[in-house]
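Peer 1: Here you go, one structure.
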Amino acid sequence: MRNLQRLPDQELVTAYANGDNEAFDALLLRHKTRLFNYIFQMVRDRDLSDDIFQETFVKAITTIKQGRYNDMGKFSAWLYRIARNLVVDTFRAQRNEGSLSTDDTDYDILNRRELAEDTIEDVMVDLQIEEDLRRLIDELPDVQREVLNLRYYRELSFKEIAELTGVSINTALGRMRYAILNLRRLAKEKSVCLTR
């Protein structure tokens, strides 16, 4: 496989939509561990987690191939939404079949924030936060903006960031620390709320 791991998710999605199957392999490799762990945390069953994980990527493949993928948000957040919805559907189906009981637990396993559907207000607030955050990031010094984008939007490790930018890991960490401090300061100065 070509070295596609350095490309951002959106470029890989576009390449896959245009017929480059290696681009999807790179996306799968990049997100599989975190996504599987996310699913497993909710269902606590390895076989069921495997099924939901596979179905998540089948839905992603179908949506991208049909040209219905919307790149307004972050690809990984979109994957997590698909997975969460599939977990909710699975729990509902099991509950309806009578194969899932919450009677023996001290809490309702379906009454969890990560399984709740986002309201339109939540979606609008998230989009506004994303837009505000991008505007604040644009105001950072170049080296801080670069490390923040590489870490959060391209999901590179600090070791990879250090190698890519030709600095030590400590320098990369320091730049990230200052970027976060500056974002907090800018948000406070501009009365921007970055949480919902």
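Identifiers in this document derive from the order of the structure tokens: chains are assigned A, B, ..., residues are numbered from 1 separately in each chain, and ligands are numbered from 1 in order of occurrence.
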Env of segment 38-44 of chain A: 8 Å cut, atoms = only C-alpha atoms, seq-sep filter 5 positions within chain, self excluded. Answer as a VMD selection string.

Peer 2: chain A and resid 49 52 to 53 80 83 to 84 87

Peer 1: Could you save those same residues with N, CA and C atoms as a short mmCIF file (atom, residue, chain, number, x, y, z; two decimals), in the first residue's frame?

Peer 2:
data_model
loop_
_atom_site.label_atom_id
_atom_site.label_comp_id
_atom_site.auth_asym_id
_atom_site.auth_seq_id
_atom_site.Cartn_x
_atom_site.Cartn_y
_atom_site.Cartn_z
N SER A 49 -19.70 -6.55 19.19
CA SER A 49 -18.90 -5.39 18.80
C SER A 49 -18.33 -5.59 17.40
N ILE A 52 -21.15 -5.02 14.84
CA ILE A 52 -21.51 -3.60 14.71
C ILE A 52 -20.38 -2.84 14.02
N PHE A 53 -19.14 -3.18 14.36
CA PHE A 53 -17.98 -2.55 13.72
C PHE A 53 -18.04 -2.77 12.20
N TYR A 80 -18.42 7.51 14.18
CA TYR A 80 -18.90 7.25 15.54
C TYR A 80 -20.41 7.40 15.62
N ALA A 83 -21.89 4.23 14.21
CA ALA A 83 -21.73 3.14 15.19
C ALA A 83 -22.73 3.29 16.33
N ARG A 84 -22.85 4.50 16.86
CA ARG A 84 -23.77 4.74 17.98
C ARG A 84 -25.21 4.41 17.57
N VAL A 87 -25.66 0.71 17.49
CA VAL A 87 -25.75 0.16 18.85
C VAL A 87 -27.16 0.37 19.40
#

Peer 1: Can you pull out the residues contacting Thr195 of chain A? Cut-off 12 Å, using only C-alpha atoms, and skip same-chain residues under 6 positions away; I want them as a list in words.

Peer 2: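 In the requested form, the answer reads Asp122, Val125, Asp126, Leu127, Gln128, Ile129, Glu130, Asp132, Leu133, Arg184 and Ala187 of chain A.
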
Peer 1: Identify which of the residues A:Asn21, A:Gln66, A:Gln144, A:Ser191 lies closest to Thr165 of chain A, counting only C-alpha atoms when measuring atom-to-atom distances.

Peer 2: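 The closest residue to Thr165 of chain A is A:Gln144.
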
Peer 1: What's the 9 Å shell around Val143 of chain A, counting only C-alpha atoms, without same-chain residues fewer than 3 positions away, as a PyMOL selection string?

Peer 2: chain A and resi 140+146-148+175+179

Peer 1: Please provide the set of residues having any atom within 12 Å of segment 6-14 of chain A, restricted to only C-alpha atoms, with same-chain residues fewer than 4 positions apart removed, written as a PyMOL selection string.

Peer 2: chain A and resi 2+18-31+60-61+63-65+67-79+149-157+160-161+163-164

Peer 1: Write to file, as a tab-separated table (two decimals), in the first residue's frame, the residues of the selection just made, with N, CA and C atoms.

Peer 2:
chain	number	residue	atom	x	y	z
A	2	ARG	N	0.54	2.21	-0.83
A	2	ARG	CA	1.26	3.47	-0.85
A	2	ARG	C	1.16	4.11	0.53
A	18	ASN	N	-13.47	7.99	-5.64
A	18	ASN	CA	-13.02	7.98	-7.04
A	18	ASN	C	-12.42	6.64	-7.45
A	19	GLY	N	-12.58	5.61	-6.61
A	19	GLY	CA	-12.17	4.26	-7.00
A	19	GLY	C	-10.86	3.76	-6.42
A	20	ASP	N	-10.22	4.51	-5.55
A	20	ASP	CA	-8.94	4.08	-4.96
A	20	ASP	C	-9.22	3.28	-3.68
A	21	ASN	N	-9.26	1.94	-3.81
A	21	ASN	CA	-9.58	1.09	-2.65
A	21	ASN	C	-8.52	1.15	-1.57
A	22	GLU	N	-7.27	1.44	-1.94
A	22	GLU	CA	-6.21	1.56	-0.93
A	22	GLU	C	-6.48	2.72	0.02
A	23	ALA	N	-7.15	3.75	-0.47
A	23	ALA	CA	-7.49	4.90	0.37
A	23	ALA	C	-8.43	4.46	1.49
A	24	PHE	N	-9.38	3.58	1.16
A	24	PHE	CA	-10.28	3.10	2.22
A	24	PHE	C	-9.55	2.21	3.20
A	25	ASP	N	-8.60	1.38	2.69
A	25	ASP	CA	-7.79	0.56	3.59
A	25	ASP	C	-7.06	1.44	4.60
A	26	ALA	N	-6.57	2.60	4.12
A	26	ALA	CA	-5.87	3.53	5.01
A	26	ALA	C	-6.82	4.10	6.07
A	27	LEU	N	-8.05	4.43	5.65
A	27	LEU	CA	-9.04	4.93	6.61
A	27	LEU	C	-9.37	3.87	7.65
A	28	LEU	N	-9.56	2.65	7.20
A	28	LEU	CA	-9.88	1.55	8.10
A	28	LEU	C	-8.75	1.35	9.11
A	29	LEU	N	-7.53	1.31	8.61
A	29	LEU	CA	-6.36	1.12	9.48
A	29	LEU	C	-6.26	2.25	10.51
A	30	ARG	N	-6.55	3.47	10.09
A	30	ARG	CA	-6.44	4.63	10.96
A	30	ARG	C	-7.48	4.62	12.08
A	31	HIS	N	-8.70	4.16	11.79
A	31	HIS	CA	-9.79	4.33	12.75
A	31	HIS	C	-10.26	3.05	13.43
A	60	ALA	N	-20.62	2.98	5.89
A	60	ALA	CA	-19.73	4.04	5.42
A	60	ALA	C	-19.38	3.84	3.95
A	61	ILE	N	-19.01	2.61	3.59
A	61	ILE	CA	-18.66	2.30	2.20
A	61	ILE	C	-19.83	2.61	1.27
A	63	THR	N	-22.44	4.58	1.71
A	63	THR	CA	-22.73	6.02	1.64
A	63	THR	C	-21.73	6.75	0.76
A	64	ILE	N	-20.44	6.43	0.93
A	64	ILE	CA	-19.40	7.09	0.13
A	64	ILE	C	-19.54	6.72	-1.34
A	65	LYS	N	-19.73	5.42	-1.62
A	65	LYS	CA	-19.82	4.95	-3.00
A	65	LYS	C	-21.05	5.51	-3.71
A	67	GLY	N	-22.13	8.43	-3.26
A	67	GLY	CA	-21.95	9.88	-3.36
A	67	GLY	C	-22.78	10.67	-2.38
A	68	ARG	N	-23.20	10.02	-1.28
A	68	ARG	CA	-24.06	10.68	-0.30
A	68	ARG	C	-23.29	11.17	0.92
A	69	TYR	N	-21.96	10.94	0.95
A	69	TYR	CA	-21.19	11.39	2.12
A	69	TYR	C	-21.07	12.91	2.07
A	70	ASN	N	-21.38	13.53	3.21
A	70	ASN	CA	-21.32	14.98	3.33
A	70	ASN	C	-20.10	15.33	4.18
A	71	ASP	N	-19.18	16.09	3.64
A	71	ASP	CA	-17.92	16.38	4.37
A	71	ASP	C	-18.00	17.62	5.24
A	72	MET	N	-19.22	17.96	5.71
A	72	MET	CA	-19.35	19.14	6.57
A	72	MET	C	-18.66	18.95	7.91
A	73	GLY	N	-18.60	17.74	8.40
A	73	GLY	CA	-18.00	17.50	9.70
A	73	GLY	C	-16.73	16.69	9.58
A	74	LYS	N	-16.31	16.11	10.67
A	74	LYS	CA	-15.11	15.30	10.71
A	74	LYS	C	-15.47	13.85	10.40
A	75	PHE	N	-14.69	13.18	9.56
A	75	PHE	CA	-14.99	11.82	9.14
A	75	PHE	C	-15.12	10.89	10.34
A	76	SER	N	-14.20	11.00	11.30
A	76	SER	CA	-14.25	10.09	12.46
A	76	SER	C	-15.52	10.30	13.27
A	77	ALA	N	-15.97	11.56	13.42
A	77	ALA	CA	-17.21	11.83	14.16
A	77	ALA	C	-18.40	11.21	13.44
A	78	TRP	N	-18.36	11.25	12.11
A	78	TRP	CA	-19.42	10.64	11.31
A	78	TRP	C	-19.46	9.12	11.53
A	79	LEU	N	-18.28	8.49	11.55
A	79	LEU	CA	-18.20	7.05	11.81
A	79	LEU	C	-18.78	6.71	13.18
A	149	ASN	N	-3.51	21.31	14.16
A	149	ASN	CA	-4.17	20.67	13.02
A	149	ASN	C	-3.67	19.25	12.81
A	150	LEU	N	-2.37	19.05	12.94
A	150	LEU	CA	-1.81	17.71	12.75
A	150	LEU	C	-2.30	16.75	13.83
A	151	ARG	N	-2.44	17.26	15.04
A	151	ARG	CA	-2.84	16.38	16.15
A	151	ARG	C	-4.34	16.07	16.13
A	152	TYR	N	-5.17	17.12	16.01
A	152	TYR	CA	-6.61	16.91	16.16
A	152	TYR	C	-7.35	16.62	14.86
A	153	TYR	N	-6.89	17.20	13.77
A	153	TYR	CA	-7.62	16.99	12.53
A	153	TYR	C	-7.02	15.88	11.67
A	154	ARG	N	-5.71	15.66	11.80
A	154	ARG	CA	-5.10	14.55	11.06
A	154	ARG	C	-4.78	13.38	11.97
A	155	GLU	N	-4.95	13.59	13.29
A	155	GLU	CA	-4.82	12.55	14.31
A	155	GLU	C	-3.44	11.88	14.31
A	156	LEU	N	-2.40	12.69	14.11
A	156	LEU	CA	-1.04	12.16	14.17
A	156	LEU	C	-0.56	12.13	15.62
A	157	SER	N	0.35	11.21	15.90
A	157	SER	CA	0.95	11.17	17.24
A	157	SER	C	1.96	12.31	17.34
A	160	GLU	N	5.00	11.47	15.36
A	160	GLU	CA	4.84	11.73	13.92
A	160	GLU	C	4.89	13.22	13.62
A	161	ILE	N	4.29	14.02	14.49
A	161	ILE	CA	4.30	15.48	14.29
A	161	ILE	C	5.74	16.00	14.36
A	163	GLU	N	8.52	14.37	13.72
A	163	GLU	CA	9.25	13.96	12.53
A	163	GLU	C	8.84	14.78	11.31
A	164	LEU	N	7.54	15.01	11.18
A	164	LEU	CA	7.02	15.74	10.02
A	164	LEU	C	7.47	17.20	10.01

Peer 1: Would you compute the distance between atom CA of Asp138 of chain A and atom CA of Leu183 of chain A? Give it in Å to one decimal.

Peer 2: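 Computing the Euclidean distance for atom CA of Asp138 of chain A and atom CA of Leu183 of chain A yields 10.1 Å.
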